[in-house]
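Have a look at query39.pdb; it's PDB, C-alpha atoms:
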```
ATOM      1  CA  MET A   1       1.290 -69.707 -51.912
ATOM      2  CA  ASP A   2       0.253 -71.253 -48.649
ATOM      3  CA  LYS A   3      -3.415 -70.880 -49.628
ATOM      4  CA  ARG A   4      -2.824 -72.453 -53.066
ATOM      5  CA  GLY A   5      -1.017 -75.412 -51.500
ATOM      6  CA  GLU A   6      -3.921 -75.934 -49.112
ATOM      7  CA  ASP A   7      -6.439 -75.662 -51.980
ATOM      8  CA  LYS A   8      -4.435 -78.193 -53.992
ATOM      9  CA  ARG A   9      -4.337 -80.613 -51.018
ATOM     10  CA  ASP A  10      -8.073 -80.121 -50.426
ATOM     11  CA  SER A  11      -8.763 -80.755 -54.110
ATOM     12  CA  THR A  12      -6.644 -83.921 -54.013
ATOM     13  CA  SER A  13      -8.428 -85.065 -50.837
ATOM     14  CA  VAL A  14     -11.821 -84.510 -52.450
ATOM     15  CA  LYS A  15     -10.744 -86.428 -55.576
ATOM     16  CA  LEU A  16      -9.362 -89.255 -53.449
ATOM     17  CA  PHE A  17     -12.566 -89.313 -51.375
ATOM     18  CA  PHE A  18     -14.709 -89.646 -54.514
ATOM     19  CA  ALA A  19     -12.397 -92.277 -55.987
ATOM     20  CA  VAL A  20     -12.683 -94.378 -52.803
ATOM     21  CA  LEU A  21     -16.443 -93.812 -52.763
ATOM     22  CA  GLY A  22     -16.611 -94.971 -56.401
ATOM     23  CA  ILE A  23     -14.632 -98.133 -55.613
ATOM     24  CA  ILE A  24     -16.929 -98.932 -52.669
ATOM     25  CA  ALA A  25     -20.031 -98.364 -54.819
ATOM     26  CA  ALA A  26     -18.614-100.584 -57.600
ATOM     27  CA  TYR A  27     -17.824-103.324 -55.079
ATOM     28  CA  GLN A  28     -21.310-103.149 -53.578
ATOM     29  CA  LEU A  29     -22.894-103.179 -57.043
ATOM     30  CA  SER A  30     -20.877-106.242 -58.066
ATOM     31  CA  ASP A  31     -21.788-107.926 -54.778
ATOM     32  CA  TRP A  32     -25.469-107.104 -55.356
ATOM     33  CA  MET A  33     -25.296-108.495 -58.895
ATOM     34  CA  ARG A  34     -23.744-111.748 -57.600
ATOM     35  CA  ASP A  35     -26.727-112.354 -55.305
ATOM     36  CA  GLU A  36     -28.625-115.527 -55.914
ATOM     37  CA  PRO A  37     -31.466-115.230 -58.393
ATOM     38  CA  ALA A  38     -34.963-115.063 -56.991
ATOM     39  CA  TRP A  39     -37.074-118.168 -56.540
ATOM     40  CA  ARG A  40     -39.410-118.843 -59.458
ATOM     41  CA  SER A  41     -42.223-121.271 -60.089
ATOM     42  CA  TYR A  42     -41.484-124.425 -62.110
ATOM     43  CA  THR A  43     -44.220-126.694 -63.492
ATOM     44  CA  SER A  44     -43.278-130.284 -64.349
ATOM     45  CA  GLU A  45     -43.359-131.314 -67.996
ATOM     46  CA  ASP A  46     -46.296-133.643 -67.333
ATOM     47  CA  GLY A  47     -48.114-130.893 -65.426
ATOM     48  CA  LYS A  48     -48.497-132.939 -62.234
ATOM     49  CA  PHE A  49     -46.672-130.638 -59.802
ATOM     50  CA  VAL A  50     -45.307-127.151 -59.233
ATOM     51  CA  VAL A  51     -42.249-126.291 -57.159
ATOM     52  CA  GLU A  52     -40.058-123.230 -56.734
ATOM     53  CA  VAL A  53     -36.508-123.312 -58.113
ATOM     54  CA  THR A  54     -33.708-120.820 -58.584
ATOM     55  CA  GLY A  55     -30.831-120.455 -60.991
ATOM     56  CA  SER A  56     -30.100-122.931 -63.751
ATOM     57  CA  VAL A  57     -32.113-126.177 -63.689
ATOM     58  CA  ASP A  58     -30.707-129.517 -64.846
ATOM     59  CA  GLN A  59     -32.893-132.525 -65.651
ATOM     60  CA  ARG A  60     -32.007-136.190 -66.034
ATOM     61  CA  SER A  61     -33.311-139.728 -65.526
ATOM     62  CA  LEU A  62     -31.769-142.369 -63.268
ATOM     63  CA  GLU A  63     -32.703-145.976 -62.536
ATOM     64  CA  GLU A  64     -32.877-146.738 -58.805
ATOM     65  CA  THR A  65     -34.141-149.507 -56.565
ATOM     66  CA  VAL A  66     -36.885-148.600 -54.084
ATOM     67  CA  SER A  67     -38.807-151.211 -52.110
ATOM     68  CA  SER A  68     -37.186-153.924 -54.243
ATOM     69  CA  GLN A  69     -38.558-152.305 -57.409
ATOM     70  CA  GLU A  70     -36.485-150.856 -60.249
ATOM     71  CA  VAL A  71     -37.815-147.347 -60.761
ATOM     72  CA  GLU A  72     -36.874-144.721 -63.330
ATOM     73  CA  PHE A  73     -36.678-141.407 -61.485
ATOM     74  CA  GLN A  74     -36.916-138.071 -63.250
ATOM     75  CA  TYR A  75     -34.592-135.580 -61.529
ATOM     76  CA  LEU A  76     -34.852-131.811 -61.443
ATOM     77  CA  MET A  77     -31.674-130.300 -59.928
ATOM     78  CA  PHE A  78     -30.314-126.834 -59.151
ATOM     79  CA  ALA A  79     -28.026-125.098 -56.661
ATOM     80  CA  ARG A  80     -28.413-122.071 -54.439
ATOM     81  CA  GLU A  81     -25.346-120.796 -52.620
ATOM     82  CA  ASP A  82     -23.616-123.891 -51.172
ATOM     83  CA  VAL A  83     -26.677-126.153 -51.201
ATOM     84  CA  GLN A  84     -27.684-128.525 -53.994
ATOM     85  CA  TYR A  85     -31.394-129.201 -54.421
ATOM     86  CA  ALA A  86     -33.212-131.965 -56.231
ATOM     87  CA  LEU A  87     -36.725-133.159 -56.775
ATOM     88  CA  ALA A  88     -37.001-136.728 -58.021
ATOM     89  CA  HIS A  89     -40.177-138.548 -58.926
ATOM     90  CA  GLY A  90     -40.853-142.033 -60.141
ATOM     91  CA  ASP A  91     -43.845-144.278 -60.575
ATOM     92  CA  ILE A  92     -43.895-147.087 -58.030
ATOM     93  CA  SER A  93     -46.407-149.629 -56.801
ATOM     94  CA  ALA A  94     -47.373-149.210 -53.181
ATOM     95  CA  VAL A  95     -46.069-151.950 -50.941
ATOM     96  CA  GLY A  96     -48.031-152.109 -47.687
ATOM     97  CA  THR A  97     -49.018-148.729 -46.262
ATOM     98  CA  THR A  98     -47.939-145.334 -47.511
ATOM     99  CA  ASP A  99     -45.944-144.817 -44.306
ATOM    100  CA  SER A 100     -44.077-148.127 -44.702
ATOM    101  CA  LEU A 101     -43.274-147.261 -48.345
ATOM    102  CA  LEU A 102     -41.915-143.852 -47.315
ATOM    103  CA  GLN A 103     -39.863-145.355 -44.466
ATOM    104  CA  THR A 104     -38.424-147.967 -46.836
ATOM    105  CA  ALA A 105     -37.554-145.241 -49.348
ATOM    106  CA  VAL A 106     -35.600-143.385 -46.631
ATOM    107  CA  VAL A 107     -33.687-146.556 -45.704
ATOM    108  CA  ASP A 108     -32.951-147.242 -49.391
ATOM    109  CA  MET A 109     -31.494-143.722 -49.798
ATOM    110  CA  ALA A 110     -29.335-144.088 -46.675
ATOM    111  CA  GLU A 111     -27.910-147.319 -48.090
ATOM    112  CA  LYS A 112     -27.365-145.706 -51.490
ATOM    113  CA  VAL A 113     -25.222-142.896 -50.015
ATOM    114  CA  GLN A 114     -23.624-145.289 -47.508
ATOM    115  CA  GLY A 115     -24.925-143.076 -44.763
ATOM    116  CA  LYS A 116     -26.713-143.117 -41.465
ATOM    117  CA  ILE A 117     -30.243-141.891 -40.785
ATOM    118  CA  VAL A 118     -29.851-139.072 -38.259
ATOM    119  CA  SER A 119     -33.568-138.405 -37.892
ATOM    120  CA  GLN A 120     -36.896-139.125 -39.506
ATOM    121  CA  ARG A 121     -40.474-138.259 -38.691
ATOM    122  CA  ALA A 122     -43.943-138.073 -40.153
ATOM    123  CA  ASP A 123     -44.834-134.811 -41.871
ATOM    124  CA  THR A 124     -47.288-133.502 -44.461
ATOM    125  CA  LEU A 125     -46.660-131.989 -47.852
ATOM    126  CA  ALA A 126     -49.257-130.738 -50.322
ATOM    127  CA  SER A 127     -51.948-131.954 -47.878
ATOM    128  CA  LEU A 128     -50.600-135.503 -48.083
ATOM    129  CA  PRO A 129     -48.832-137.672 -45.525
ATOM    130  CA  ALA A 130     -45.089-137.309 -45.991
ATOM    131  CA  ARG A 131     -41.862-138.454 -44.358
ATOM    132  CA  ARG A 132     -39.023-136.083 -43.455
ATOM    133  CA  ALA A 133     -35.513-137.444 -42.931
ATOM    134  CA  ARG A 134     -31.919-136.338 -42.424
ATOM    135  CA  ILE A 135     -29.123-138.625 -43.518
ATOM    136  CA  ARG A 136     -25.410-138.199 -42.853
ATOM    137  CA  ALA A 137     -23.576-139.620 -45.852
ATOM    138  CA  ALA A 138     -20.256-141.459 -45.751
ATOM    139  CA  ASP A 139     -18.457-138.233 -46.761
ATOM    140  CA  GLU A 140     -19.998-136.508 -43.665
ATOM    141  CA  SER A 141     -22.289-134.335 -45.791
ATOM    142  CA  GLU A 142     -25.872-134.046 -44.671
ATOM    143  CA  LEU A 143     -28.903-134.714 -46.826
ATOM    144  CA  HIS A 144     -32.339-133.313 -45.927
ATOM    145  CA  MET A 145     -35.233-135.117 -47.582
ATOM    146  CA  LEU A 146     -38.985-134.973 -47.734
ATOM    147  CA  TYR A 147     -40.857-137.898 -49.319
ATOM    148  CA  LEU A 148     -44.462-138.315 -50.339
ATOM    149  CA  TRP A 149     -46.395-140.859 -52.365
ATOM    150  CA  HIS A 150     -49.482-139.960 -54.367
ATOM    151  CA  ASN A 151     -51.417-141.774 -57.036
ATOM    152  CA  GLY A 152     -48.632-144.270 -57.782
ATOM    153  CA  ARG A 153     -45.826-141.708 -57.814
ATOM    154  CA  LEU A 154     -43.075-141.328 -55.223
ATOM    155  CA  TYR A 155     -41.825-137.739 -54.842
ATOM    156  CA  ARG A 156     -38.488-137.091 -53.146
ATOM    157  CA  LEU A 157     -37.388-133.518 -52.382
ATOM    158  CA  MET A 158     -33.746-133.284 -51.315
ATOM    159  CA  ALA A 159     -31.190-130.696 -50.234
ATOM    160  CA  GLY A 160     -27.535-131.336 -49.438
ATOM    161  CA  GLY A 161     -24.352-129.374 -48.855
ATOM    162  CA  GLU A 162     -23.861-126.511 -46.394
ATOM    163  CA  THR A 163     -27.227-127.096 -44.741
ATOM    164  CA  ASP A 164     -26.253-125.939 -41.249
ATOM    165  CA  VAL A 165     -26.241-122.227 -42.176
ATOM    166  CA  GLU A 166     -29.388-120.403 -41.013
ATOM    167  CA  GLN A 167     -30.177-118.963 -44.470
ATOM    168  CA  SER A 168     -29.698-122.400 -46.054
ATOM    169  CA  ARG A 169     -32.150-123.950 -43.589
ATOM    170  CA  ALA A 170     -34.697-121.247 -44.452
ATOM    171  CA  ASP A 171     -34.139-121.864 -48.184
ATOM    172  CA  ILE A 172     -34.548-125.630 -47.709
ATOM    173  CA  GLU A 173     -37.873-125.085 -45.933
ATOM    174  CA  HIS A 174     -38.915-122.689 -48.682
ATOM    175  CA  PHE A 175     -38.118-125.315 -51.329
ATOM    176  CA  PHE A 176     -39.919-128.109 -49.459
ATOM    177  CA  ARG A 177     -43.019-126.035 -48.730
ATOM    178  CA  SER A 178     -43.229-124.637 -52.275
ATOM    179  CA  PHE A 179     -44.078-128.084 -53.665
ATOM    180  CA  ARG A 180     -47.702-128.553 -54.623
ATOM    181  CA  LEU A 181     -49.669-130.880 -56.820
ATOM    182  CA  SER A 182     -51.410-129.483 -59.890
ATOM    183  CA  ILE A 183     -55.127-128.777 -59.653
ATOM    184  CA  ALA A 184     -55.878-131.952 -61.651
ATOM    185  CA  GLU A 185     -53.766-134.007 -59.240
ATOM    186  CA  GLN A 186     -55.332-132.333 -56.203
ATOM    187  CA  SER A 187     -58.790-133.318 -57.420
ATOM    188  CA  GLN A 188     -57.688-136.960 -57.051
ATOM    189  CA  LEU A 189     -57.010-136.547 -53.323
TER     190      LEU A 189
END
```

Any chance you could put this one into structure tokens?
Amino acid sequence: MDKRGEDKRDSTSVKLFFAVLGIIAAYQLSDWMRDEPAWRSYTSEDGKFVVEVTGSVDQRSLEETVSSQEVEFQYLMFAREDVQYALAHGDISAVGTTDSLLQTAVVDMAEKVQGKIVSQRADTLASLPARRARIRAADESELHMLYLWHNGRLYRLMAGGETDVEQSRADIEHFFRSFRLSIAEQSQL
């Protein structure tokens, strides 16, 4: 009887062990399935640029003022974890130098979000002069931006939200650096 009782307890322990193991495996599988989708290449409808996106992509048009010009911007937006990403582009006449246009565009965005420019510096993107900026909006959120102007079009890559997390910073850099002009556009450089 003693031996049977021990066998029964051992059998129950083994069953309990496998049940717990199954629950852990199910939890890990559900966690793995919730992971963010992989980055994928996106080509603009007009074929002028390629950028990497993830998840569901939303598109819309918005009228904005840049360098005292009313510009219709085409927006491409998506989210990854707690960061929202956008790429906006609009056709605009150059006013002065490319650098002054990009600086003015940064100031215009800071005013639009009622924020303060935390930093800005010259950069390059797709082999073109670009302007990188960080703006702290009125709601204390932070917006990372990278601007470039090419062939009459202003491109604005943006990321906002939980941008202070190391993985988010890496994802933002990945998004910014994935932007490239199409081969036809590159031939006009």

- Message: Which residue is closest to Ala159 of chain A? Choose from A:Phe176, A:Tyr42, A:Phe49, A:Tyr75 and count all atoms listed in the file.
- Response: A:Phe176

- Any chance you could work out the residue set of the PyMOL selection byres ((chain A and resi 164) around 12) here, as a ChimeraX atom specification? /A:82-83,134,141-144,159-163,165-172

- Task: Find the residue from A:Ala130, A:Met109, A:Ile117, A:Val57 that sits nearest to Tyr85 of chain A; use all atoms listed in the file when measuring.
- Result: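 Using all atoms listed in the file, the shortest distance to Tyr85 of chain A belongs to A:Val57.
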
- Message: as a PyMOL selection string, please: the residues near Leu157 of chain A (cut-off 12 Å, all atoms listed in the file, same-chain neighbours under 2 positions excluded).
- Response: chain A and resi 51-53+74-78+84-89+106+125+130-134+143-149+154-155+159-160+172-180

Hey, could you pull the box centre and edge lengths for segment 42-56 of chain A, axis-aligned, 3 Å padding per side, all listed atoms, to one decimal in Å, as AutoDock Vina command-line options?
```
--center_x -39.3 --center_y -127.0 --center_z -62.4 --size_x 24.4 --size_y 19.2 --size_z 17.3
```

- Item | Residue nearest Leu101 of chain A among A:Ser67, A:Ser61, A:Ser182, A:Ser56 (counting all atoms listed in the file) |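 Ranking A:Ser67, A:Ser61, A:Ser182, A:Ser56 by distance to Leu101 of chain A, first place goes to A:Ser67.
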
- Query: What does the distance from atom CA of Arg156 of chain A to atom CA of Gly90 of chain A come to in Å, to one decimal?
  - Reply: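 Rounded to one decimal, the two atoms are 8.9 Å apart.
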
- Task: Considering all atoms listed in the file, state which residue in the set A:Gln59, A:Val107, A:Val71, A:Ala79 is at the smallest distance from Ser93 of chain A.
- Result: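 Closest candidate: A:Val71.
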
- Length of the atom CA of Glu140 of chain A to atom CA of Val118 of chain A vector [Å]: 11.5 Å

- Query: Hey, which of A:Asp91, A:Gly152, A:Gly115, A:Ala126 ends up closest to Val50 of chain A? Count all atoms listed in the file.
  - Reply: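 Among A:Asp91, A:Gly152, A:Gly115, A:Ala126, it is A:Ala126 that comes nearest to Val50 of chain A.
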
- Task: For atom CA of Val66 of chain A and atom CA of Leu181 of chain A, determine how far apart the two atoms are, in Å to one decimal place.
- Result: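 Taking atom CA of Val66 of chain A as the start and atom CA of Leu181 of chain A as the end point, the length is 22.0 Å.
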
Reconstructed N, CA and C atoms for segment 85-116 of chain A, given as a compact mmCIF listing (two decimals), keeping the file's coordinate frame:
```txt
# COMPACT_ATOMS: atom_id res chain seq x y z
N TYR A 85 -30.00 -128.79 -54.59
CA TYR A 85 -31.39 -129.20 -54.42
C TYR A 85 -31.77 -130.17 -55.53
N ALA A 86 -32.69 -131.05 -55.22
CA ALA A 86 -33.21 -131.96 -56.23
C ALA A 86 -34.64 -132.35 -55.89
N LEU A 87 -35.41 -132.57 -56.92
CA LEU A 87 -36.72 -133.16 -56.78
C LEU A 87 -36.72 -134.34 -57.74
N ALA A 88 -36.95 -135.52 -57.20
CA ALA A 88 -37.00 -136.73 -58.02
C ALA A 88 -38.39 -137.33 -57.89
N HIS A 89 -38.89 -137.86 -58.99
CA HIS A 89 -40.18 -138.55 -58.93
C HIS A 89 -40.14 -139.75 -59.85
N GLY A 90 -40.77 -140.81 -59.36
CA GLY A 90 -40.85 -142.03 -60.14
C GLY A 90 -42.12 -142.78 -59.80
N ASP A 91 -42.63 -143.50 -60.78
CA ASP A 91 -43.84 -144.28 -60.58
C ASP A 91 -43.49 -145.60 -59.93
N ILE A 92 -44.20 -145.91 -58.83
CA ILE A 92 -43.90 -147.09 -58.03
C ILE A 92 -45.20 -147.66 -57.48
N SER A 93 -45.24 -148.97 -57.40
CA SER A 93 -46.41 -149.63 -56.80
C SER A 93 -46.28 -149.56 -55.29
N ALA A 94 -47.38 -149.26 -54.64
CA ALA A 94 -47.37 -149.21 -53.18
C ALA A 94 -47.16 -150.61 -52.63
N VAL A 95 -46.32 -150.69 -51.63
CA VAL A 95 -46.07 -151.95 -50.94
C VAL A 95 -46.47 -151.72 -49.50
N GLY A 96 -47.56 -152.34 -49.06
CA GLY A 96 -48.03 -152.11 -47.69
C GLY A 96 -48.68 -150.74 -47.59
N THR A 97 -48.43 -150.05 -46.49
CA THR A 97 -49.02 -148.73 -46.26
C THR A 97 -48.13 -147.64 -46.86
N THR A 98 -48.72 -146.48 -47.01
CA THR A 98 -47.94 -145.33 -47.51
C THR A 98 -46.77 -145.06 -46.58
N ASP A 99 -47.01 -145.09 -45.26
CA ASP A 99 -45.94 -144.82 -44.31
C ASP A 99 -44.81 -145.83 -44.42
N SER A 100 -45.14 -147.12 -44.58
CA SER A 100 -44.08 -148.13 -44.70
C SER A 100 -43.29 -147.94 -46.00
N LEU A 101 -43.97 -147.54 -47.08
CA LEU A 101 -43.27 -147.26 -48.34
C LEU A 101 -42.31 -146.09 -48.17
N LEU A 102 -42.77 -145.03 -47.52
CA LEU A 102 -41.92 -143.85 -47.32
C LEU A 102 -40.73 -144.18 -46.41
N GLN A 103 -40.97 -144.95 -45.35
CA GLN A 103 -39.86 -145.35 -44.47
C GLN A 103 -38.85 -146.20 -45.21
N THR A 104 -39.32 -147.12 -46.05
CA THR A 104 -38.42 -147.97 -46.84
C THR A 104 -37.62 -147.12 -47.81
N ALA A 105 -38.26 -146.12 -48.41
CA ALA A 105 -37.55 -145.24 -49.35
C ALA A 105 -36.43 -144.48 -48.65
N VAL A 106 -36.64 -144.07 -47.40
CA VAL A 106 -35.60 -143.38 -46.63
C VAL A 106 -34.44 -144.34 -46.38
N VAL A 107 -34.73 -145.56 -45.97
CA VAL A 107 -33.69 -146.56 -45.70
C VAL A 107 -32.90 -146.85 -46.99
N ASP A 108 -33.62 -146.99 -48.11
CA ASP A 108 -32.95 -147.24 -49.39
C ASP A 108 -31.98 -146.12 -49.74
N MET A 109 -32.38 -144.86 -49.50
CA MET A 109 -31.49 -143.72 -49.80
C MET A 109 -30.28 -143.73 -48.88
N ALA A 110 -30.47 -144.03 -47.60
CA ALA A 110 -29.34 -144.09 -46.68
C ALA A 110 -28.33 -145.14 -47.14
N GLU A 111 -28.81 -146.28 -47.58
CA GLU A 111 -27.91 -147.32 -48.09
C GLU A 111 -27.22 -146.86 -49.36
N LYS A 112 -27.94 -146.17 -50.22
CA LYS A 112 -27.36 -145.71 -51.49
C LYS A 112 -26.19 -144.76 -51.27
N VAL A 113 -26.31 -143.86 -50.28
CA VAL A 113 -25.22 -142.90 -50.02
C VAL A 113 -24.27 -143.40 -48.93
N GLN A 114 -24.44 -144.66 -48.55
CA GLN A 114 -23.62 -145.29 -47.51
C GLN A 114 -23.61 -144.41 -46.26
N GLY A 115 -24.81 -143.98 -45.88
CA GLY A 115 -24.92 -143.08 -44.76
C GLY A 115 -25.75 -143.63 -43.63
N LYS A 116 -25.97 -142.76 -42.67
CA LYS A 116 -26.71 -143.12 -41.46
C LYS A 116 -27.90 -142.17 -41.33
```
